[in-house]
Each structure stands twice: as C-alpha cells, then as structure tokens.
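Participant: Let me begin by handing over the structure; questions about it come next.
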Amino acid sequence: MLLLALDTATPAVTVALHDGTHVIASSTQVDARRHGELLLPAVDRVLDSAGLALDAVTDIAVGIGPGPYTGLRVGLMTADTFGLALGVPVHGVCTLDALAYEADVERGPFVVATDARRKEVYWARYADSRTRLSDPAVDRPADIADQVSHLPAVGAGALLYPDTFPKAHEPQHVSAAALASLAAERLAAGEELPAPRPLYLRRPDAQVPKNYKVVTPQ
Amino acid sequence: MADEPLVLGIETSCDETGVGIVRGTTLLADAVASSVDEHARFGGVVPEVASRAHLEAMVPTIRRALKDAGVAASDLDGISVTAGPGLAGALLVGVSAAKAYAYALGKPLYGVNHLASHICVDQLEHGTLPEPTMALLVSGGHSSLLLSTDITSDVRPLGATIDDAAGEAFDKIARVLNLGFPGGPVIDRYAREGDPTAIAFPRGLTGPRDPAYDFSFSGLKTAVARWIEAKRAAGEEVPVRDVSASFQEAVVDVLTRKAVKACKDEGVDHLMIGGGVAANSRLRALAQERCERAGIRLRVPRPKLCTDNGAMVAALGAEMVARGRRPSSWGLSADSSLPVTDPHVPAPDDASAGHSHEHVHEVSKENLYS
Ligand SMILES: [Zn+2]
C-alpha cells in the first residue's frame, strides 16, 4: 500500500505518504489563506522527497472537515480528481478524528475543537484517540461550556476560547501524517471509511451578492 | 487534424461547471452542469451555493466530457482552466481540479482568462480568429469592448460598463417584472411579442461628450423600474411584453451602436460577440443588420458557446499550446480580479528556469483570493 493523505480543513496545508506501516514523507505549512496555491507544490515535494511518483499511489485519504469551506474544498477537489485520474479509491477521514488521533490520548474523555470562524468552533467529544463519542457539531463556545469546560481539549478552536476550554493544549492543527496513520490503521482493520464528501455543518449563506440591490423600495 | 493540440478545459467562474475538450479549433465535447436552479429563488448567483455545486459536479462532468469526445485522458496535450476573473471560491474549485488532473496525468497546465476564452471560443464555430479581432463581451458579469491582436498574448480593453453589466440589468428588470431568474431568456421571449418602440427608455452614455466605448445600464434599469412602479401605483396593468421589448431594445441599441463604431474607428472589418447576453435574439438580429450596413462581418457563436462553458477554456488552452505559450506553475492561484490584459497566467520566470514543468516548486508569494 502507498497511501497519499491530505487535509485542508484547518489553517494547515498538510500532505503525507504512508506505506501501510510508516509515514515515509510529510509536509505541513500553516497559512489559512493560501490552501489553493500551496497544496499541489506540497504534494510534489512530498513525493519527490520519497523518490516516488504519483502513479505509485494506491489509495488516497482526505480530511472531510468540518472546516472553513473554501479551504476545505481545495483538499477534497484535489483528492477527488487524483482519484479520477489514477483510478484509485479515495477515502474520507473526519478532520477532528485525525486531530484526536494526533493528540494521542489513551484515556479520555477529551474534546477536539477547531476554529469555525464567526466566533464558533467545530467540535466533538472523544473517549480516547480512536473513539469519537459525539457527531461533529458547530457551536458558539459559550453555548457548549457546560458540556466541555471540565474536559481536556485540543485544537486551535479550544486554544482560542480559554473561558470555554480552560484545559486546552496542543496540537492546534491536524497533520496529514496522523490522518494517514489513522486511515491506514482503519483500512488494515477492514473498516469502511466515509465517502470523501465535505462536512459543512452549516447551510450556505443565502445572501444575494451585494451588487444585486433592489431598484426602488417595494 | 491529429497533430493539433488536444486540450481539456475547465470553467467554474460562476454557476456553470463546464468541461470542454477541443482538438485545435475543433469542438469535441462541451459538458456543462449548471446550478442555476439552486440560485433562482435568491434572484442572483449565491457564491457558496455555486462553489458547493462545482465540487459535486466536477468529476462526473470530466467523465462525461471524455466520453462525449471519445478520447482517453492520457491522450490530452494539456489542461486549461479559468484562473479568473470570477467568483473567488468558485474559481478555486476549478483551479484545484485542473491542477490535480494535470499533475496526475503529467500534462502541462494553463490558467487562462475567462474573458479571452469568451472570444477564443468563436474559433470552434467560425475557424481561426482574424487578427486583430474586435470583440463585444456581454454577460451577467461583464460588458466590454476588447481589441485583440493575438488572443494568447494581447487583449486591449477599449471600453467597459461603468456600473451594471448588461446581463445584470436583464436580471434586475426581470425581477421587477416578477419573471424570475435568470432574466435574459425570459425577457427575450416576452420581447418577441412586444413593441420595441412602445416606450422610449434612455440610452446610457450616448451623449456627444460621453466616453465612446464605455457602457452604463444603471440609469436605464432605474428608469424602467420607475416606469413599472408608476403603472402599478396608478392601478394600471403593466404591459410586460412592451416593457420587455423596449428595455431590451435600449440595451442592444447601445451595445451594437458602440461596437460598430469601435470597428469603424479602429479599421477592423469584423466583430465578434460573446458572453451570455450574446444568446439574446434581438442583439444578434440588430448586430447583423448594423454590421451588414457598415460592411462589417459579424461572428457570433451558437448560444450554447456564448454562455459560460468549458469548451471556450479548452479553445484558448489549445491556442496556448499551439503558440508555445509557457504553462502555469503548480502554485497557480485563482484570481477573482484577473485583468483582461492577462490572457493567461504563465509560471513566474524564475520558477521555470532550469526546471521541467513537472518540477516547478516555487509558489507565488501573493495571496490573490483572500
Ligand atoms: Zn462569462
């Protein structure tokens, strides 16, 4: 197996290669506004450093969020299109799950929270690094404080709101290395991974672009 | 001809997910998935709705285009994609797909300009573009007069709208008339049964001291809305057919008058009209009439090639390959305000020097879509 993993659901643009046993190359750059520019060069660099070409890849794993939509779609669209061109399966991995895995917590419970912008967090509760207890959700920190404030928490969303997450600590962002390891572990165990479709968790803003103004009051 | 470049083009600048395949100036496939129905109830294109739809439609639309064209992806000579202008988030979906596809197939990538693509598409209909080419581009997003001596390297703006795009005016008037979205096709339909001289609506920017090639449709839009609202306030029925015909006449009168003047002034003996509004039947008829009278040859592609599609992007990509233009880098960004003067976005000089295209590592330092 040669698994290419990527995630663009957090400010990190992160790519890793996994041979079924180990992560053999990886790259993580944190820049929330340049996912579109950074991802392909990062894939190229990671393959190059492993001395491999993309056509050696047998599986693709991609973070499906939740995450800010514009960046999230860069990873998903890239993974989808790689899958089409190479004819290999594309697996989805919940980004919060990959972050939980990276946090390496043997005994929880604990919380993973990422920044959802607009003063909200994407979050879920975990029993341990491999076991999620609740569906990913998006909420204002204050509204979930009584469910989470007594628990350890990881992720930039937790570090951003210390009133709600007083026990927040690293890691902040997901790494594709963790995402790849989790995906490889689950695939080896014969588990079915989710489809590579985005977890938006919010309806699209139904705002008409501002240049469409009513001509005269109705 | 088999030695002409075989190029797949991807377009996602607005609400159409377009994937086209051309060989040189021959159209092989034009697959389009539109999210227009999802925007109808908002009366305009909602960017996030469009972006979500592009992500879902992309892979099926690429598959369909390849099947329609009867070619294998491995036979392609290049992938082109709209790099801008357009909706930032929507463009980014197409650019991400094009980069991944080109990279995975080991083909060169060409990020191209949406407006230049609207002009170049006519090669698929009427053969190689004359040089120079005069083009009138009219759509929901733009209304421009452009002069190009080489569609891959030199596009000069002569004039543009100073407020609303022509297609936008159609959408707004359709909304005032409660005709739904998009407004262009429905107004065209009603106008066919109406009298274009029934109401004298204003012709924007046509005074002797006004800029010769710029357009303005905002005043017209307000005048039409006021006229309709006055009728309603008086308790009278609004003559939808006559309003549609008179409004449409005001738009296409100015567009064609200025386009023909530009041709005469610049000594260009033909005119190309593109963009969604070029599908308007009255615009086509009046342009034909005025061009004939002025001894100008009119080139307007069939309506399906005038609205946004992938074939136009493939057509310009094929021209880039044919003329040996430099491909884009893997760090290509979506640029929502890409100037019309940039027909494509080549890799930066330093990035391509000493590297094959497949190993360009440099990325642009600028953030162009924040
Ligand atoms: Zn267009």
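By order of appearance in the structure tokens: chains A, B, ..., then residues from 1 within every chain, and ligands from 1 in the order shown.
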With only C-alpha atoms and all ligand atoms counted, collect every polymer residue having an atom within 10 Å of ligand 1; state the result as a ChimeraX atom specification.
Facilitator: /B:11-16,85-86,114-118,137-143,274-277,306-309,312
Participant: Compute the set of chain B residues within 7 Å of chain A, using only C-alpha atoms, and express it as a count of residues only.
Facilitator: 27
Participant: Please list as a list of chain:residue names every residue within 8 Å of Ser244 of chain B, counting only C-alpha atoms and excluding residues in the same chain fewer than 2 positions away.
Facilitator: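 The filter keeps B:Ile187, B:Asp188, B:Tyr190, B:Ala191, B:Gly194, B:Pro196, B:Val240, B:Arg241, B:Asp242, B:Ser246, B:Phe247, B:Gln248.
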Participant: Taking the backbone alone, and naming residues the way the document does, which bits of segment 110-269 of chain B are alpha helix (DSSP H) by DSSP, as an MDAnalysis selection string?
Facilitator: chainID B and resid 114:120 123:126 166:176 183:191 218:233 240:266
Participant: With C-alpha atoms kept, could you save the residues just selected as a compact mmCIF listing (two decimals), in the first residue's frame?
Facilitator:
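The new file result.txt reads:
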```txt
# COMPACT_ATOMS: atom_id res chain seq x y z
CA HIS B 114 -12.29 33.94 -18.71
CA LEU B 115 -12.86 36.95 -20.98
CA ALA B 116 -10.24 35.93 -23.52
CA SER B 117 -11.85 32.47 -23.53
CA HIS B 118 -15.23 34.02 -24.42
CA ILE B 119 -13.54 35.49 -27.51
CA CYS B 120 -11.46 32.44 -28.42
CA GLN B 123 -12.66 29.60 -33.31
CA LEU B 124 -14.71 26.46 -32.69
CA GLU B 125 -17.58 27.95 -34.68
CA HIS B 126 -16.06 30.11 -37.42
CA ALA B 166 -25.79 44.16 -19.41
CA GLY B 167 -26.90 40.74 -18.15
CA GLU B 168 -27.29 42.13 -14.66
CA ALA B 169 -29.73 44.73 -15.99
CA PHE B 170 -31.77 41.92 -17.59
CA ASP B 171 -31.84 40.06 -14.26
CA LYS B 172 -32.94 43.13 -12.34
CA ILE B 173 -35.70 44.11 -14.73
CA ALA B 174 -36.93 40.50 -14.79
CA ARG B 175 -37.09 40.66 -11.02
CA VAL B 176 -39.09 43.91 -11.04
CA GLY B 183 -33.73 37.35 -16.64
CA GLY B 184 -32.14 37.22 -20.09
CA PRO B 185 -34.00 34.30 -21.72
CA VAL B 186 -37.42 35.21 -20.30
CA ILE B 187 -37.22 38.88 -21.30
CA ASP B 188 -36.07 37.82 -24.76
CA ARG B 189 -39.18 35.60 -25.00
CA TYR B 190 -41.68 38.26 -23.89
CA ALA B 191 -39.98 40.90 -26.03
CA SER B 218 -27.81 51.56 -14.18
CA GLY B 219 -29.80 54.64 -15.28
CA LEU B 220 -31.79 52.54 -17.74
CA LYS B 221 -32.58 49.99 -15.06
CA THR B 222 -33.84 52.71 -12.71
CA ALA B 223 -35.91 54.34 -15.46
CA VAL B 224 -37.58 51.03 -16.34
CA ALA B 225 -38.26 50.21 -12.68
CA ARG B 226 -39.76 53.67 -12.08
CA TRP B 227 -41.95 53.34 -15.15
CA ILE B 228 -43.26 49.97 -13.99
CA GLU B 229 -43.82 51.15 -10.44
CA ALA B 230 -45.70 54.24 -11.66
CA LYS B 231 -48.03 52.00 -13.66
CA ARG B 232 -48.62 49.81 -10.64
CA ALA B 233 -49.17 52.80 -8.37
CA VAL B 240 -44.88 43.11 -19.76
CA ARG B 241 -44.27 42.41 -23.47
CA ASP B 242 -43.87 46.06 -24.44
CA VAL B 243 -41.70 46.85 -21.39
CA SER B 244 -39.50 43.84 -22.16
CA ALA B 245 -39.17 44.77 -25.82
CA SER B 246 -38.49 48.46 -25.15
CA PHE B 247 -35.98 47.76 -22.38
CA GLN B 248 -34.19 45.13 -24.45
CA GLU B 249 -34.08 47.49 -27.42
CA ALA B 250 -32.43 50.18 -25.30
CA VAL B 251 -29.71 47.72 -24.20
CA VAL B 252 -28.93 46.20 -27.58
CA ASP B 253 -29.16 49.54 -29.40
CA VAL B 254 -26.30 50.96 -27.31
CA LEU B 255 -24.25 47.75 -27.40
CA THR B 256 -24.37 47.38 -31.18
CA ARG B 257 -24.02 51.08 -31.92
CA LYS B 258 -20.80 51.33 -29.88
CA ALA B 259 -19.41 48.04 -31.16
CA VAL B 260 -19.88 49.07 -34.78
CA LYS B 261 -18.35 52.48 -34.07
CA ALA B 262 -15.31 50.80 -32.48
CA CYS B 263 -14.85 48.63 -35.57
CA LYS B 264 -15.01 51.66 -37.87
CA ASP B 265 -12.71 53.79 -35.69
CA GLU B 266 -10.10 51.04 -35.43
```
Participant: Name the residues in contact with Val268 of chain B at a cut-off of 12 Å, using only C-alpha atoms, excluding same-chain residues fewer than 2 positions from it; report them as a PDB file with N, CA and C atoms, in the first residue's frame.
Facilitator:
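That gives us selection.pdb:
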```pdb
ATOM      1  N   PRO B 130      -9.603  36.239 -36.901  1.00  0.00           N
ATOM      2  CA  PRO B 130      -8.802  37.211 -37.653  1.00  0.00           C
ATOM      3  C   PRO B 130      -7.960  38.011 -36.665  1.00  0.00           C
ATOM      4  N   GLU B 131      -6.852  38.564 -37.114  1.00  0.00           N
ATOM      5  CA  GLU B 131      -6.021  39.396 -36.242  1.00  0.00           C
ATOM      6  C   GLU B 131      -5.826  40.756 -36.892  1.00  0.00           C
ATOM      7  N   PRO B 132      -6.217  41.843 -36.263  1.00  0.00           N
ATOM      8  CA  PRO B 132      -6.821  41.864 -34.923  1.00  0.00           C
ATOM      9  C   PRO B 132      -8.302  41.462 -34.938  1.00  0.00           C
ATOM     10  N   THR B 133      -8.807  41.143 -33.747  1.00  0.00           N
ATOM     11  CA  THR B 133     -10.218  40.824 -33.566  1.00  0.00           C
ATOM     12  C   THR B 133     -10.876  41.884 -32.685  1.00  0.00           C
ATOM     13  N   MET B 134     -12.048  42.359 -33.120  1.00  0.00           N
ATOM     14  CA  MET B 134     -12.841  43.243 -32.256  1.00  0.00           C
ATOM     15  C   MET B 134     -13.891  42.364 -31.582  1.00  0.00           C
ATOM     16  N   ALA B 135     -14.004  42.490 -30.265  1.00  0.00           N
ATOM     17  CA  ALA B 135     -14.959  41.646 -29.546  1.00  0.00           C
ATOM     18  C   ALA B 135     -15.824  42.474 -28.607  1.00  0.00           C
ATOM     19  N   LEU B 146     -13.374  44.818 -26.573  1.00  0.00           N
ATOM     20  CA  LEU B 146     -11.976  44.434 -26.496  1.00  0.00           C
ATOM     21  C   LEU B 146     -11.394  44.299 -27.887  1.00  0.00           C
ATOM     22  N   LEU B 147     -10.125  44.680 -28.004  1.00  0.00           N
ATOM     23  CA  LEU B 147      -9.425  44.553 -29.277  1.00  0.00           C
ATOM     24  C   LEU B 147      -8.211  43.667 -29.031  1.00  0.00           C
ATOM     25  N   SER B 148      -8.101  42.600 -29.816  1.00  0.00           N
ATOM     26  CA  SER B 148      -7.003  41.659 -29.601  1.00  0.00           C
ATOM     27  C   SER B 148      -6.241  41.415 -30.890  1.00  0.00           C
ATOM     28  N   THR B 149      -4.915  41.547 -30.816  1.00  0.00           N
ATOM     29  CA  THR B 149      -4.097  41.232 -31.989  1.00  0.00           C
ATOM     30  C   THR B 149      -3.622  39.783 -31.933  1.00  0.00           C
ATOM     31  N   ALA B 259     -20.287  49.078 -30.602  1.00  0.00           N
ATOM     32  CA  ALA B 259     -19.407  48.041 -31.156  1.00  0.00           C
ATOM     33  C   ALA B 259     -19.075  48.349 -32.616  1.00  0.00           C
ATOM     34  N   VAL B 260     -20.097  48.747 -33.363  1.00  0.00           N
ATOM     35  CA  VAL B 260     -19.878  49.065 -34.780  1.00  0.00           C
ATOM     36  C   VAL B 260     -18.977  50.296 -34.911  1.00  0.00           C
ATOM     37  N   LYS B 261     -19.202  51.283 -34.044  1.00  0.00           N
ATOM     38  CA  LYS B 261     -18.354  52.484 -34.069  1.00  0.00           C
ATOM     39  C   LYS B 261     -16.894  52.111 -33.793  1.00  0.00           C
ATOM     40  N   ALA B 262     -16.680  51.223 -32.817  1.00  0.00           N
ATOM     41  CA  ALA B 262     -15.313  50.803 -32.478  1.00  0.00           C
ATOM     42  C   ALA B 262     -14.646  50.136 -33.675  1.00  0.00           C
ATOM     43  N   CYS B 263     -15.397  49.291 -34.383  1.00  0.00           N
ATOM     44  CA  CYS B 263     -14.847  48.632 -35.573  1.00  0.00           C
ATOM     45  C   CYS B 263     -14.423  49.669 -36.617  1.00  0.00           C
ATOM     46  N   LYS B 264     -15.310  50.632 -36.860  1.00  0.00           N
ATOM     47  CA  LYS B 264     -15.012  51.665 -37.869  1.00  0.00           C
ATOM     48  C   LYS B 264     -13.805  52.482 -37.446  1.00  0.00           C
ATOM     49  N   ASP B 265     -13.807  52.953 -36.176  1.00  0.00           N
ATOM     50  CA  ASP B 265     -12.712  53.792 -35.689  1.00  0.00           C
ATOM     51  C   ASP B 265     -11.369  53.084 -35.777  1.00  0.00           C
ATOM     52  N   GLU B 266     -11.375  51.790 -35.480  1.00  0.00           N
ATOM     53  CA  GLU B 266     -10.103  51.043 -35.433  1.00  0.00           C
ATOM     54  C   GLU B 266      -9.780  50.382 -36.764  1.00  0.00           C
ATOM     55  N   HIS B 270     -14.463  43.181 -38.913  1.00  0.00           N
ATOM     56  CA  HIS B 270     -15.366  42.146 -38.405  1.00  0.00           C
ATOM     57  C   HIS B 270     -15.573  42.374 -36.914  1.00  0.00           C
ATOM     58  N   LEU B 271     -16.641  41.791 -36.413  1.00  0.00           N
ATOM     59  CA  LEU B 271     -16.983  41.945 -34.997  1.00  0.00           C
ATOM     60  C   LEU B 271     -17.385  40.589 -34.437  1.00  0.00           C
ATOM     61  N   MET B 272     -16.792  40.248 -33.278  1.00  0.00           N
ATOM     62  CA  MET B 272     -17.143  39.016 -32.583  1.00  0.00           C
ATOM     63  C   MET B 272     -17.978  39.393 -31.359  1.00  0.00           C
ATOM     64  N   CYS B 291     -24.119  45.572 -38.786  1.00  0.00           N
ATOM     65  CA  CYS B 291     -22.830  45.166 -39.354  1.00  0.00           C
ATOM     66  C   CYS B 291     -22.919  45.111 -40.875  1.00  0.00           C
ATOM     67  N   ALA B 294     -22.727  48.426 -42.330  1.00  0.00           N
ATOM     68  CA  ALA B 294     -21.404  49.050 -42.215  1.00  0.00           C
ATOM     69  C   ALA B 294     -20.316  48.247 -42.916  1.00  0.00           C
ATOM     70  N   GLY B 295     -20.710  47.173 -43.574  1.00  0.00           N
ATOM     71  CA  GLY B 295     -19.722  46.345 -44.257  1.00  0.00           C
ATOM     72  C   GLY B 295     -18.799  45.592 -43.312  1.00  0.00           C
ATOM     73  N   ILE B 296     -19.346  45.239 -42.145  1.00  0.00           N
ATOM     74  CA  ILE B 296     -18.562  44.516 -41.139  1.00  0.00           C
ATOM     75  C   ILE B 296     -19.067  43.072 -41.079  1.00  0.00           C
ATOM     76  N   ARG B 297     -18.134  42.135 -40.990  1.00  0.00           N
ATOM     77  CA  ARG B 297     -18.540  40.738 -40.885  1.00  0.00           C
ATOM     78  C   ARG B 297     -18.778  40.401 -39.413  1.00  0.00           C
ATOM     79  N   LEU B 298     -19.958  39.849 -39.124  1.00  0.00           N
ATOM     80  CA  LEU B 298     -20.323  39.525 -37.741  1.00  0.00           C
ATOM     81  C   LEU B 298     -20.037  38.064 -37.450  1.00  0.00           C
TER      82      LEU B 298
END
```
Participant: A:Gly92, A:Gly65, A:Gly190, A:Pro152: which is nearest Ala168 of chain A, counting only C-alpha atoms?
Facilitator: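 Under the stated criterion, the closest residue is A:Pro152.
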Participant: Using only C-alpha atoms, which of B:Gly235, B:Gly84, B:Pro202, B:Gly111 sits nearest Leu8 of chain B?
Facilitator: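 Ranked by minimum distance to Leu8 of chain B, first place goes to B:Gly111.
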Participant: Could you find all residues in chain A that DSSP calls strand (DSSP E or B) from the backbone, and write them as JSON, numbers by chain?
Facilitator: {"A": [3, 4, 5, 6, 7, 12, 13, 14, 15, 16, 17, 18, 23, 24, 25, 26, 27, 28, 29, 30, 59, 60, 61, 62, 63, 90, 91, 92, 93, 110, 111, 112, 113, 114, 115, 121, 122, 123, 124, 125, 126, 127, 128, 131, 132, 137, 138, 139, 153, 154, 168, 169]}
Participant: Just to confirm, what's the straight-line distance from atom CA of Ser129 of chain A to atom CA of Val105 of chain A in Å (one decimal)?
Facilitator: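 If I compute the distance from atom CA of Ser129 of chain A to atom CA of Val105 of chain A, I get 5.1 Å.
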Participant: Let me make sure I understand: among A:Met1, A:Leu99, A:Leu72, A:Leu151, which one has the smallest atom-to-atom distance to Ser175 of chain A if we use only C-alpha atoms?
Facilitator: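 Comparing A:Met1, A:Leu99, A:Leu72, A:Leu151 against Ser175 of chain A, the winner is A:Leu99.
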